[in-house]
file work-v3.cif (mmCIF, C-alpha atoms and all ligand atoms)
data_entry
#
loop_
_atom_site.label_atom_id
_atom_site.label_comp_id
_atom_site.auth_asym_id
_atom_site.auth_seq_id
_atom_site.Cartn_x
_atom_site.Cartn_y
_atom_site.Cartn_z
CA MET A 1 0.00 0.00 0.00
CA ILE A 2 1.39 3.39 -0.99
CA TYR A 3 0.26 6.14 1.37
CA LEU A 4 -0.35 9.49 -0.35
CA ASP A 5 -2.89 11.12 1.94
CA TYR A 6 -0.57 13.22 4.13
CA HIS A 7 -3.07 16.11 4.37
CA SER A 8 -5.42 13.81 6.23
CA THR A 9 -2.85 12.52 8.67
CA THR A 10 0.81 11.50 8.74
CA PRO A 11 2.54 8.41 10.08
CA VAL A 12 4.15 9.09 13.46
CA ASP A 13 7.92 9.52 13.19
CA PRO A 14 9.54 6.52 14.99
CA ARG A 15 11.63 8.97 17.08
CA VAL A 16 8.38 10.61 18.23
CA ALA A 17 6.84 7.20 18.99
CA GLN A 18 9.82 6.42 21.26
CA LYS A 19 9.09 9.53 23.34
CA VAL A 20 5.38 8.73 23.48
CA LEU A 21 6.20 5.24 24.73
CA TRP A 22 8.42 6.71 27.45
CA ALA A 23 5.58 9.00 28.58
CA MET A 24 3.16 6.05 28.70
CA THR A 25 5.49 3.82 30.71
CA ASP A 26 8.40 5.26 32.73
CA GLY A 27 7.22 8.88 32.60
CA PHE A 28 3.50 8.24 33.13
CA GLY A 29 2.88 10.85 35.89
CA ASN A 30 0.15 13.45 36.15
CA ALA A 31 1.78 16.81 35.41
CA SER A 32 -0.44 18.43 38.06
CA SER A 33 0.65 16.04 40.86
CA THR A 34 3.07 18.29 42.67
CA ASP A 35 3.42 16.07 45.76
CA HIS A 36 5.91 13.58 44.33
CA GLU A 37 8.75 13.24 41.87
CA ILE A 38 6.78 11.24 39.31
CA GLY A 39 4.46 14.23 38.93
CA ASP A 40 7.45 16.57 38.86
CA ALA A 41 9.03 14.57 36.01
CA ALA A 42 5.80 14.76 34.01
CA GLU A 43 5.58 18.51 34.60
CA ALA A 44 9.20 18.92 33.49
CA ALA A 45 8.45 16.94 30.31
CA VAL A 46 5.51 19.26 29.55
CA THR A 47 7.74 22.30 30.05
CA VAL A 48 10.30 20.95 27.58
CA ALA A 49 7.60 20.06 25.01
CA LYS A 50 5.99 23.48 25.35
CA ARG A 51 9.31 25.14 24.55
CA TYR A 52 9.70 23.06 21.34
CA VAL A 53 6.15 23.88 20.20
CA ALA A 54 6.66 27.58 20.91
CA ASP A 55 10.04 27.63 19.12
CA LEU A 56 8.63 26.05 15.95
CA VAL A 57 6.02 28.81 15.50
CA GLY A 58 7.98 31.76 16.91
CA ALA A 59 5.93 32.06 20.10
CA ALA A 60 6.75 31.97 23.82
CA PRO A 61 5.94 28.91 25.98
CA ARG A 62 3.39 30.96 27.95
CA ASN A 63 1.37 31.39 24.71
CA ILE A 64 0.74 27.63 24.35
CA ILE A 65 -2.51 25.93 25.44
CA PHE A 66 -2.56 22.19 24.72
CA THR A 67 -5.81 20.85 23.26
CA SER A 68 -7.02 17.65 21.57
CA GLY A 69 -6.20 19.07 18.12
CA SER A 70 -7.10 21.84 15.76
CA THR A 71 -10.87 21.36 15.90
CA GLU A 72 -10.82 22.04 19.63
CA SER A 73 -8.28 24.86 19.28
CA ILE A 74 -10.45 26.57 16.68
CA ASN A 75 -13.61 26.15 18.79
CA LEU A 76 -11.83 27.55 21.84
CA ALA A 77 -10.52 30.49 19.82
CA ILE A 78 -13.82 31.40 18.17
CA GLN A 79 -16.32 30.52 20.89
CA GLY A 80 -14.01 31.77 23.64
CA THR A 81 -13.54 35.15 21.95
CA ILE A 82 -17.25 35.50 21.09
CA GLN A 83 -18.36 34.61 24.63
CA TYR A 84 -16.00 37.23 26.06
CA LEU A 85 -17.36 39.90 23.69
CA GLU A 86 -20.96 38.96 24.48
CA ASN A 87 -20.22 39.30 28.19
CA LYS A 88 -19.20 42.88 27.38
CA GLY A 89 -22.52 43.48 25.61
CA ILE A 90 -21.02 43.40 22.10
CA HIS A 91 -22.75 41.63 19.18
CA PRO A 92 -19.69 40.27 17.37
CA HIS A 93 -19.00 40.36 13.64
CA ILE A 94 -16.61 37.74 12.20
CA ALA A 95 -14.81 37.88 8.83
CA LEU A 96 -13.72 34.52 7.44
CA SER A 97 -12.69 33.10 4.10
CA VAL A 98 -15.02 30.81 2.18
CA VAL A 99 -12.30 28.12 1.92
CA GLU A 100 -11.76 27.69 5.67
CA HIS A 101 -11.88 24.16 7.09
CA LYS A 102 -15.24 22.95 8.38
CA ALA A 103 -13.95 23.35 11.93
CA VAL A 104 -13.99 27.12 11.34
CA LEU A 105 -16.97 27.34 8.97
CA ASP A 106 -19.36 25.18 10.98
CA THR A 107 -18.44 26.80 14.29
CA CYS A 108 -19.22 30.21 12.76
CA PHE A 109 -22.44 28.98 11.09
CA VAL A 110 -23.76 27.53 14.36
CA LEU A 111 -23.06 30.81 16.16
CA GLN A 112 -24.80 32.66 13.32
CA ASP A 113 -27.83 30.31 13.49
CA GLN A 114 -27.99 30.98 17.22
CA GLY A 115 -28.18 34.69 16.42
CA ARG A 116 -24.94 35.32 18.29
CA VAL A 117 -22.71 36.61 15.47
CA LYS A 118 -22.83 38.32 12.12
CA LEU A 119 -20.60 36.80 9.41
CA SER A 120 -18.78 38.33 6.44
CA ILE A 121 -17.60 35.53 4.18
CA LEU A 122 -14.70 36.55 1.95
CA PRO A 123 -14.67 35.00 -1.55
CA VAL A 124 -11.54 33.64 -3.25
CA ASP A 125 -10.21 33.69 -6.81
CA ALA A 126 -9.58 30.68 -9.06
CA GLN A 127 -6.45 29.81 -7.11
CA ALA A 128 -8.15 30.12 -3.73
CA HIS A 129 -6.54 33.46 -2.82
CA ILE A 130 -8.46 36.07 -0.86
CA ASP A 131 -8.47 39.74 -1.83
CA LEU A 132 -6.53 41.65 0.82
CA ALA A 133 -8.16 44.96 -0.17
CA GLN A 134 -11.55 43.41 0.50
CA LEU A 135 -10.33 42.08 3.86
CA GLU A 136 -9.19 45.59 4.73
CA GLU A 137 -12.57 47.04 3.72
CA SER A 138 -14.26 44.51 5.99
CA CYS A 139 -12.00 45.47 8.88
CA ALA A 140 -12.72 49.15 8.30
CA SER A 141 -16.45 48.47 8.50
CA GLY A 142 -16.08 47.03 12.03
CA ILE A 143 -15.01 43.41 12.56
CA HIS A 144 -14.36 41.70 15.91
CA LEU A 145 -12.54 38.57 14.69
CA ILE A 146 -10.78 37.49 11.47
CA CYS A 147 -10.40 33.76 10.65
CA ILE A 148 -8.04 32.94 7.77
CA MET A 149 -6.08 29.73 7.38
CA ALA A 150 -2.32 29.58 6.72
CA ALA A 151 -2.60 26.88 4.05
CA ASN A 152 -5.57 25.17 2.46
CA ASN A 153 -6.16 21.50 3.22
CA GLU A 154 -7.48 20.68 -0.25
CA VAL A 155 -5.63 22.65 -2.95
CA GLY A 156 -2.67 23.55 -0.70
CA THR A 157 -2.73 27.30 -1.39
CA ILE A 158 -0.51 29.23 1.05
CA TYR A 159 -1.89 32.52 2.40
CA PRO A 160 0.10 35.72 3.16
CA ILE A 161 -0.36 35.41 6.91
CA ASP A 162 2.15 38.16 7.68
CA LYS A 163 0.19 40.64 5.53
CA ILE A 164 -3.17 39.54 6.97
CA ALA A 165 -1.82 39.90 10.52
CA HIS A 166 -0.56 43.37 9.59
CA ILE A 167 -4.01 44.47 8.39
CA ALA A 168 -5.60 42.97 11.51
CA GLN A 169 -3.20 44.97 13.69
CA ILE A 170 -3.90 48.25 11.88
CA TYR A 171 -7.62 47.86 12.68
CA ASP A 172 -6.97 46.27 16.08
CA VAL A 173 -8.95 43.13 15.18
CA PRO A 174 -7.98 39.75 16.73
CA PHE A 175 -6.79 37.31 14.06
CA LEU A 176 -7.25 33.53 14.30
CA CYS A 177 -5.01 31.65 11.89
CA ASP A 178 -5.81 27.96 11.35
CA ALA A 179 -2.30 26.71 10.69
CA SER A 180 -3.12 22.99 10.84
CA GLN A 181 -1.68 22.26 7.39
CA ALA A 182 1.14 24.80 7.57
CA VAL A 183 2.95 24.17 10.84
CA GLY A 184 6.05 22.08 10.26
CA LYS A 185 5.85 22.70 6.50
CA ILE A 186 6.43 26.45 6.13
CA PRO A 187 7.94 29.01 8.55
CA ILE A 188 5.48 30.67 10.95
CA HIS A 189 6.43 33.67 13.10
CA PHE A 190 3.59 34.07 15.58
CA GLN A 191 5.04 36.93 17.58
CA ASP A 192 6.90 38.79 14.83
CA TRP A 193 3.91 38.74 12.49
CA GLY A 194 1.50 39.77 15.24
CA ILE A 195 -0.93 36.82 15.03
CA THR A 196 -3.48 36.73 17.86
CA MET A 197 -4.37 33.01 17.88
CA LEU A 198 -2.93 30.06 15.94
CA SER A 199 -4.25 26.51 15.82
CA ILE A 200 -1.91 23.51 15.54
CA SER A 201 -2.55 19.78 15.09
CA ALA A 202 0.35 17.37 15.75
CA HIS A 203 -0.84 14.54 13.50
CA LYS A 204 -0.30 16.70 10.43
CA PHE A 205 3.49 16.77 10.99
CA TYR A 206 4.45 13.26 12.14
CA GLY A 207 3.17 13.63 15.71
CA PRO A 208 0.35 11.66 17.37
CA GLN A 209 -3.36 12.12 16.65
CA GLY A 210 -5.59 13.76 19.27
CA ILE A 211 -3.11 16.40 20.45
CA GLY A 212 -2.70 19.98 19.33
CA ALA A 213 -2.44 23.49 20.67
CA LEU A 214 -3.94 26.92 20.52
CA VAL A 215 -1.26 29.60 20.60
CA VAL A 216 -2.72 32.73 22.18
CA LYS A 217 -1.20 36.21 22.31
CA ARG A 218 -0.69 37.41 25.83
CA GLY A 219 -3.58 39.58 26.97
CA HIS A 220 -6.08 38.34 24.36
CA PRO A 221 -9.24 37.69 26.42
CA LEU A 222 -10.86 34.25 26.04
CA GLU A 223 -13.59 32.41 27.91
CA PRO A 224 -12.96 28.65 28.35
CA LEU A 225 -15.05 25.94 26.70
CA LEU A 226 -14.36 23.39 29.44
CA TYR A 227 -14.62 23.90 33.19
CA GLY A 228 -13.01 21.68 35.80
CA GLY A 229 -9.67 21.53 37.57
CA GLY A 230 -8.50 24.88 36.22
CA HIS A 231 -5.57 23.43 34.26
CA GLN A 232 -3.66 25.63 31.81
CA GLY A 233 -4.60 28.88 33.48
CA GLY A 234 -8.27 27.85 33.62
CA LEU A 235 -8.52 28.03 29.83
CA ARG A 236 -8.55 24.28 29.23
CA SER A 237 -9.36 22.14 32.23
CA GLY A 238 -8.53 18.43 32.14
CA THR A 239 -5.50 16.30 33.00
CA LEU A 240 -2.80 17.02 30.48
CA ASN A 241 -2.36 14.40 27.71
CA LEU A 242 1.27 13.70 28.61
CA PRO A 243 2.06 11.12 25.87
CA GLY A 244 0.48 13.40 23.28
CA ILE A 245 2.23 16.52 24.55
CA VAL A 246 5.64 14.83 24.74
CA GLY A 247 5.11 13.41 21.24
CA MET A 248 4.01 16.76 19.86
CA GLY A 249 7.03 18.44 21.44
CA GLU A 250 9.40 15.96 19.83
CA ALA A 251 7.64 16.28 16.46
CA CYS A 252 8.07 20.08 16.69
CA ARG A 253 11.74 19.75 17.67
CA LEU A 254 12.39 17.53 14.65
CA ARG A 255 10.45 19.81 12.27
CA GLU A 256 12.45 22.81 13.41
CA ILE A 257 15.67 21.02 12.43
CA GLU A 258 14.50 19.07 9.38
CA MET A 259 11.57 20.99 7.86
CA GLU A 260 13.44 23.05 5.29
CA GLU A 261 15.40 20.16 3.77
CA ASP A 262 12.48 17.69 3.99
CA GLU A 263 10.05 20.09 2.30
CA ARG A 264 12.54 20.83 -0.48
CA ILE A 265 12.84 17.10 -1.23
CA ILE A 266 9.08 16.51 -0.91
CA GLY A 267 8.44 19.38 -3.37
CA GLY A 268 10.87 17.79 -5.84
CA LYS A 269 9.05 14.43 -5.63
CA ARG A 270 5.69 16.16 -6.04
CA ASP A 271 6.94 17.90 -9.20
CA ILE A 272 8.15 14.59 -10.65
CA PHE A 273 4.79 12.99 -9.80
CA GLN A 274 2.88 15.84 -11.42
CA LYS A 275 5.02 15.62 -14.58
CA LEU A 276 4.52 11.85 -14.80
CA LEU A 277 0.76 12.16 -14.42
CA ILE A 278 0.51 14.93 -17.03
CA GLU A 279 2.54 12.78 -19.46
CA LYS A 280 0.54 9.64 -18.82
CA ILE A 281 -3.01 10.99 -18.66
CA PRO A 282 -4.19 13.29 -21.48
CA GLY A 283 -6.43 16.13 -20.31
CA LEU A 284 -5.28 15.95 -16.67
CA VAL A 285 -5.73 19.28 -14.87
CA VAL A 286 -3.75 20.52 -11.87
CA ASN A 287 -5.96 22.58 -9.53
CA GLY A 288 -4.93 25.45 -7.27
CA ASP A 289 -1.96 27.80 -7.32
CA GLN A 290 1.02 25.91 -8.70
CA GLU A 291 3.41 28.72 -7.75
CA ASN A 292 2.35 29.00 -4.15
CA ARG A 293 1.21 25.73 -2.59
CA LEU A 294 2.37 23.31 0.07
CA ALA A 295 5.31 21.19 -1.12
CA GLY A 296 3.43 17.94 -0.52
CA ASN A 297 0.20 19.03 -2.23
CA LEU A 298 -0.94 17.79 -5.62
CA HIS A 299 -4.60 18.39 -6.43
CA ILE A 300 -5.63 17.05 -9.83
CA SER A 301 -8.72 16.40 -11.90
CA LEU A 302 -9.26 13.74 -14.51
CA PRO A 303 -12.07 15.35 -16.54
CA LYS A 304 -14.96 13.03 -17.38
CA ILE A 305 -13.61 10.34 -15.05
CA PRO A 306 -15.48 10.31 -11.73
CA ASN A 307 -13.09 10.29 -8.79
CA SER A 308 -15.17 7.61 -7.07
CA ALA A 309 -14.43 5.25 -9.99
CA ILE A 310 -10.69 5.88 -9.64
CA ILE A 311 -10.80 5.39 -5.86
CA ALA A 312 -12.76 2.14 -6.24
CA ARG A 313 -10.03 0.76 -8.51
CA VAL A 314 -6.94 1.92 -6.58
CA ARG A 315 -8.01 1.78 -2.93
CA ARG A 316 -6.27 -1.52 -2.13
CA LYS A 317 -2.93 -0.29 -3.50
CA LEU A 318 -2.98 3.46 -3.08
CA ALA A 319 -4.24 5.76 -0.32
CA ILE A 320 -5.38 9.00 -2.00
CA SER A 321 -8.50 11.01 -1.40
CA THR A 322 -11.43 12.72 -3.06
CA GLY A 323 -11.37 15.59 -0.60
CA SER A 324 -10.72 16.43 3.01
CA ALA A 325 -10.89 13.45 5.39
CA CYS A 326 -13.07 15.33 7.81
CA SER A 327 -15.83 15.61 5.22
CA SER A 328 -15.38 12.39 3.28
CA GLY A 329 -18.35 10.20 4.06
CA VAL A 330 -20.45 13.28 3.38
CA GLU A 331 -21.55 13.18 -0.24
CA ALA A 332 -21.53 16.98 -0.77
CA PRO A 333 -19.01 18.31 -3.32
CA SER A 334 -16.07 20.16 -1.84
CA HIS A 335 -16.89 23.73 -0.77
CA VAL A 336 -13.32 24.69 -1.68
CA LEU A 337 -13.58 23.48 -5.28
CA ARG A 338 -16.96 25.20 -5.58
CA ALA A 339 -15.49 28.42 -4.19
CA ILE A 340 -12.69 28.45 -6.75
CA ASN A 341 -15.34 28.09 -9.42
CA LEU A 342 -14.27 24.83 -11.03
CA ASN A 343 -16.78 23.37 -13.44
CA GLU A 344 -18.72 20.24 -12.42
CA ASP A 345 -16.62 17.93 -14.60
CA ILE A 346 -13.44 19.03 -12.92
CA ILE A 347 -14.95 18.80 -9.44
CA GLU A 348 -16.29 15.32 -10.09
CA GLY A 349 -12.92 14.10 -11.32
CA SER A 350 -10.85 15.67 -8.55
CA LEU A 351 -8.30 13.83 -6.44
CA ARG A 352 -6.25 15.15 -3.54
CA ILE A 353 -2.77 13.67 -3.29
CA GLY A 354 -0.54 14.42 -0.33
CA LEU A 355 3.15 13.51 -0.21
CA GLY A 356 5.26 13.49 2.93
CA LYS A 357 8.73 12.75 4.18
CA PHE A 358 8.27 8.98 4.01
CA THR A 359 7.20 9.10 0.34
CA THR A 360 9.89 7.52 -1.87
CA TYR A 361 10.74 8.04 -5.56
CA ALA A 362 9.59 4.44 -6.11
CA ASP A 363 6.21 5.30 -4.52
CA VAL A 364 5.81 8.22 -6.91
CA ASN A 365 6.64 6.15 -10.01
CA HIS A 366 4.46 3.25 -8.95
CA ALA A 367 1.50 5.47 -7.93
CA ALA A 368 1.55 7.26 -11.32
CA ILE A 369 1.25 3.89 -13.09
CA ILE A 370 -1.59 2.78 -10.79
CA ILE A 371 -3.57 5.98 -11.47
CA GLN A 372 -2.89 5.78 -15.22
CA GLU A 373 -4.06 2.16 -15.38
CA ALA A 374 -7.24 2.97 -13.44
CA ALA A 375 -7.96 5.94 -15.75
CA MET A 376 -7.42 3.82 -18.90
CA ASN A 377 -9.60 1.07 -17.48
CA ILE A 378 -12.47 3.52 -16.88
CA GLN A 379 -12.03 5.25 -20.25
CA ALA A 380 -12.33 1.85 -21.97
CA LEU A 381 -15.79 1.49 -20.46
CA LEU A 382 -17.06 4.93 -21.55
N1 LIG A 401 -8.05 22.75 9.94
C1 LIG A 401 -7.49 22.22 8.84
C2 LIG A 401 -7.00 23.14 7.75
C3 LIG A 401 -7.34 20.82 8.72
O1 LIG A 401 -6.78 20.32 7.63
C4 LIG A 401 -7.82 19.99 9.78
C5 LIG A 401 -7.76 18.52 9.65
O2 LIG A 401 -7.86 17.97 8.57
C6 LIG A 401 -8.39 20.61 10.91
C7 LIG A 401 -8.50 21.98 10.95
C8 LIG A 401 -8.89 19.79 12.07
O3 LIG A 401 -7.80 19.22 12.74
P1 LIG A 401 -7.99 18.06 13.81
O4 LIG A 401 -8.28 16.83 13.03
O5 LIG A 401 -6.68 17.97 14.52
O6 LIG A 401 -9.08 18.44 14.72
#

call {"tool": "encode", "arguments": {"input": "work-v3.cif", "output": "structure tokens"}}
result
Amino acid sequence: MIYLDYHSTTPVDPRVAQKVLWAMTDGFGNASSTDHEIGDAAEAAVTVAKRYVADLVGAAPRNIIFTSGSTESINLAIQGTIQYLENKGIHPHIALSVVEHKAVLDTCFVLQDQGRVKLSILPVDAQAHIDLAQLEESCASGIHLICIMAANNEVGTIYPIDKIAHIAQIYDVPFLCDASQAVGKIPIHFQDWGITMLSISAHKFYGPQGIGALVVKRGHPLEPLLYGGGHQGGLRSGTLNLPGIVGMGEACRLREIEMEEDERIIGGKRDIFQKLLIEKIPGLVVNGDQENRLAGNLHISLPKIPNSAIIARVRRKLAISTGSACSSGVEAPSHVLRAINLNEDIIEGSLRIGLGKFTTYADVNHAAIIIQEAAMNIQALL
């Protein structure tokens, strides 16, 4: 089986798994148990991990709140900010892009349905870029929160987060950046760029599933989603997920050292794969912004060949996807592909391919042949 679905999740790096195992066995303590050394060791391990997470995104350890992943981080950021504003008697107005992940979109839609927020949804162009002038106009009209992702989970488009943060600062609007697909792939400078909140998910960069963080600028007011033991400054109660945190810390440490070189090599393999597919399959279309996308992203369409027919033929040999994992199982066409205005043929034939650091040249060559054979097989039936 060749795994090419790295946007959905990544295999855990064996060096990360070693640390997780340590935290589940020898280092198993509760980081809040201050009455003995086993608790102290767990707390020390959390402190070390927090430093690695902070370093990777240019933040300080005090900015880090550990969560169960990006979905929770995003909910804490949006609901926590909105609840605080409501407590002050403000009816909040959120600006968000139309290509945000469902974790952002659905949280905002539910708040809108409850009559608690007003939404301004920013459109994108054919390559999934937002118009910064339009964002600025929105801010000028009075916005209380901006939600824009750092990189798109379907077509891989990378957003100018530094420029967006700059606009947000001019108008003094808090800015939530969903960086789930970007952290560990491209440089992020939380403090220098002036981002207010940043969501991270460890399983997107060779860490464990079910652990992530919300990075929060000091002084940004948030109400918690969960109440209980008052962990993490009262913002996220619940015993800390030590194996997850230690694993995430190690994954961040490794990314900091290896990201640049790994991403350069991954981008090279992606380009070879793209070239092979274009050569082998007439009419193949590459979607998104080819000049400005994640190194591991390859989003293609085989016009007139339904993606479900391709998946049915390759699924035992090749792990690729028709869209984002979080919404597969739901039969609706991708909101991202709709937003970039692709025609129905192209949407129906779309496949998301994600390469990562364990993808080999042999995988790329073999996968191109598997997809070509499936396409020829279907074309013969048409
Ligand atoms: N945001 C983006 C852009 C994602 O790609 C994902 C996961 O696919 C999420 C948020 C949700 O992350 P998690 O699965 O860690 O909750």

call {"tool": "atom_distance", "arguments": {"input": "work-v3.cif", "atom1": "atom CA of A:Val215", "atom2": "atom CA of A:Thr25"}}
result
28.5 Å

call {"tool": "axis_aligned_box", "arguments": {"input": "work-v3.cif", "around": "ligand LIG 401 (chain A)", "padding_each_side": "6 Å", "output": "AutoDock Vina command-line options"}}
result
--center_x -7.9 --center_y 20.0 --center_z 11.2 --size_x 14.4 --size_y 18.3 --size_z 19.1

call {"tool": "closest_residue", "arguments": {"input": "work-v3.cif", "among": "A:Tyr159, A:Tyr361, A:Phe109, A:Phe175", "to": "ligand LIG 401 (chain A)", "atoms": "all atoms listed in the file"}}
result
A:Tyr159

call {"tool": "residues_near_ligand", "arguments": {"input": "work-v3.cif", "ligand": "ligand LIG 401 (chain A)", "cutoff": "10 Å", "atoms": "all atoms listed in the file", "output": "mmCIF file with C-alpha atoms, keeping the file's coordinate frame"}}
result
data_model
loop_
_atom_site.group_PDB
_atom_site.id
_atom_site.type_symbol
_atom_site.label_atom_id
_atom_site.label_comp_id
_atom_site.auth_asym_id
_atom_site.auth_seq_id
_atom_site.Cartn_x
_atom_site.Cartn_y
_atom_site.Cartn_z
ATOM 1 C CA TYR A 6 -0.570 13.220 4.130
ATOM 2 C CA HIS A 7 -3.070 16.110 4.370
ATOM 3 C CA SER A 8 -5.420 13.810 6.230
ATOM 4 C CA THR A 9 -2.850 12.520 8.670
ATOM 5 C CA THR A 67 -5.810 20.850 23.260
ATOM 6 C CA SER A 68 -7.020 17.650 21.570
ATOM 7 C CA GLY A 69 -6.200 19.070 18.120
ATOM 8 C CA SER A 70 -7.100 21.840 15.760
ATOM 9 C CA THR A 71 -10.870 21.360 15.900
ATOM 10 C CA GLU A 72 -10.820 22.040 19.630
ATOM 11 C CA SER A 73 -8.280 24.860 19.280
ATOM 12 C CA ILE A 74 -10.450 26.570 16.680
ATOM 13 C CA ASN A 75 -13.610 26.150 18.790
ATOM 14 C CA VAL A 99 -12.300 28.120 1.920
ATOM 15 C CA GLU A 100 -11.760 27.690 5.670
ATOM 16 C CA HIS A 101 -11.880 24.160 7.090
ATOM 17 C CA LYS A 102 -15.240 22.950 8.380
ATOM 18 C CA ALA A 103 -13.950 23.350 11.930
ATOM 19 C CA VAL A 104 -13.990 27.120 11.340
ATOM 20 C CA ILE A 148 -8.040 32.940 7.770
ATOM 21 C CA MET A 149 -6.080 29.730 7.380
ATOM 22 C CA ALA A 150 -2.320 29.580 6.720
ATOM 23 C CA ALA A 151 -2.600 26.880 4.050
ATOM 24 C CA ASN A 152 -5.570 25.170 2.460
ATOM 25 C CA ASN A 153 -6.160 21.500 3.220
ATOM 26 C CA GLU A 154 -7.480 20.680 -0.250
ATOM 27 C CA GLY A 156 -2.670 23.550 -0.700
ATOM 28 C CA CYS A 177 -5.010 31.650 11.890
ATOM 29 C CA ASP A 178 -5.810 27.960 11.350
ATOM 30 C CA ALA A 179 -2.300 26.710 10.690
ATOM 31 C CA SER A 180 -3.120 22.990 10.840
ATOM 32 C CA GLN A 181 -1.680 22.260 7.390
ATOM 33 C CA ALA A 182 1.140 24.800 7.570
ATOM 34 C CA SER A 199 -4.250 26.510 15.820
ATOM 35 C CA ILE A 200 -1.910 23.510 15.540
ATOM 36 C CA SER A 201 -2.550 19.780 15.090
ATOM 37 C CA ALA A 202 0.350 17.370 15.750
ATOM 38 C CA HIS A 203 -0.840 14.540 13.500
ATOM 39 C CA LYS A 204 -0.300 16.700 10.430
ATOM 40 C CA PRO A 208 0.350 11.660 17.370
ATOM 41 C CA GLN A 209 -3.360 12.120 16.650
ATOM 42 C CA GLY A 210 -5.590 13.760 19.270
ATOM 43 C CA ILE A 211 -3.110 16.400 20.450
ATOM 44 C CA GLY A 212 -2.700 19.980 19.330
ATOM 45 C CA ALA A 213 -2.440 23.490 20.670
ATOM 46 C CA SER A 324 -10.720 16.430 3.010
ATOM 47 C CA ALA A 325 -10.890 13.450 5.390
ATOM 48 C CA CYS A 326 -13.070 15.330 7.810
ATOM 49 C CA SER A 327 -15.830 15.610 5.220
#

call {"tool": "residues_around", "arguments": {"input": "work-v3.cif", "residues": "A:Gly247", "least_positions_apart": "3", "cutoff": "7 Å", "atoms": "all atoms listed in the file", "output": "PyMOL selection string"}}
result
chain A and resi 16-17+19-20+207-208+243-244+250-251

call {"tool": "atom_distance", "arguments": {"input": "work-v3.cif", "atom1": "atom CA of A:Leu198", "atom2": "atom CA of A:Leu294"}}
result
18.0 Å

call {"tool": "atom_distance", "arguments": {"input": "work-v3.cif", "atom1": "atom CA of A:Trp193", "atom2": "atom CA of A:Asp162"}}
result
5.2 Å

call {"tool": "residues_around", "arguments": {"input": "work-v3.cif", "residues": "stretch 333-336 of chain A", "least_positions_apart": "2", "cutoff": "12 Å", "atoms": "only C-alpha atoms", "output": "JSON, numbers by chain"}}
result
{"A": [97, 98, 99, 100, 101, 102, 105, 123, 124, 125, 126, 127, 128, 129, 152, 153, 154, 155, 156, 157, 287, 288, 299, 307, 308, 321, 322, 323, 324, 325, 326, 327, 328, 329, 330, 331, 338, 339, 340, 341, 342, 343, 344, 345, 346, 347, 348, 349, 350, 351, 352]}

call {"tool": "closest_residue", "arguments": {"input": "work-v3.cif", "among": "A:Tyr227, A:Tyr206, A:Thr359, A:Glu373", "to": "A:Lys280", "atoms": "only C-alpha atoms"}}
result
A:Glu373

call {"tool": "closest_residue", "arguments": {"input": "work-v3.cif", "among": "A:Ile320, A:Ile170, A:Ala309, A:Leu122", "to": "A:Leu381", "atoms": "all atoms listed in the file"}}
result
A:Ala309

call {"tool": "closest_residue", "arguments": {"input": "work-v3.cif", "among": "A:Leu318, A:Ala312, A:Val285, A:Ile353", "to": "A:Ile378", "atoms": "all atoms listed in the file"}}
result
A:Ala312

call {"tool": "closest_residue", "arguments": {"input": "work-v3.cif", "among": "A:Leu355, A:Ala319, A:Cys139, A:Ile146", "to": "A:Ala77", "atoms": "only C-alpha atoms"}}
result
A:Ile146

call {"tool": "closest_residue", "arguments": {"input": "work-v3.cif", "among": "A:Val364, A:Ile266, A:Ala49, A:Ile278", "to": "A:Asn297", "atoms": "all atoms listed in the file"}}
result
A:Ile266

call {"tool": "residues_around", "arguments": {"input": "work-v3.cif", "residues": "A:Gln379", "least_positions_apart": "5", "cutoff": "10 Å", "atoms": "all atoms listed in the file", "output": "compact mmCIF listing (two decimals) with C-alpha atoms, keeping the file's coordinate frame"}}
result
# COMPACT_ATOMS: atom_id res chain seq x y z
CA LYS A 304 -14.96 13.03 -17.38
CA ILE A 305 -13.61 10.34 -15.05
CA GLU A 373 -4.06 2.16 -15.38
CA ALA A 374 -7.24 2.97 -13.44

call {"tool": "residues_around", "arguments": {"input": "work-v3.cif", "residues": "A:Ala367", "least_positions_apart": "2", "cutoff": "10 Å", "atoms": "only C-alpha atoms", "output": "PyMOL selection string"}}
result
chain A and resi 1-4+273+276-277+314+317-320+361-365+369-373

call {"tool": "residues_around", "arguments": {"input": "work-v3.cif", "residues": "A:Ser141", "least_positions_apart": "4", "cutoff": "12 Å", "atoms": "only C-alpha atoms", "output": "JSON, numbers by chain"}}
result
{"A": [93, 94, 95, 120, 134, 135, 136, 137, 171, 173]}

call {"tool": "decode", "arguments": {"input": "work-v3.cif", "residues": "stretch 221-235 of chain A", "atoms": "C-alpha atoms", "output": "PDB file, in the first residue's frame"}}
result
ATOM      1  CA  PRO A 221      -9.241  37.686  26.422  1.00  0.00           C
ATOM      2  CA  LEU A 222     -10.859  34.246  26.037  1.00  0.00           C
ATOM      3  CA  GLU A 223     -13.589  32.410  27.914  1.00  0.00           C
ATOM      4  CA  PRO A 224     -12.964  28.654  28.352  1.00  0.00           C
ATOM      5  CA  LEU A 225     -15.051  25.936  26.702  1.00  0.00           C
ATOM      6  CA  LEU A 226     -14.356  23.386  29.439  1.00  0.00           C
ATOM      7  CA  TYR A 227     -14.617  23.900  33.190  1.00  0.00           C
ATOM      8  CA  GLY A 228     -13.009  21.685  35.803  1.00  0.00           C
ATOM      9  CA  GLY A 229      -9.673  21.526  37.568  1.00  0.00           C
ATOM     10  CA  GLY A 230      -8.496  24.877  36.219  1.00  0.00           C
ATOM     11  CA  HIS A 231      -5.570  23.429  34.263  1.00  0.00           C
ATOM     12  CA  GLN A 232      -3.662  25.631  31.808  1.00  0.00           C
ATOM     13  CA  GLY A 233      -4.596  28.881  33.481  1.00  0.00           C
ATOM     14  CA  GLY A 234      -8.268  27.849  33.620  1.00  0.00           C
ATOM     15  CA  LEU A 235      -8.524  28.027  29.826  1.00  0.00           C
TER      16      LEU A 235
END
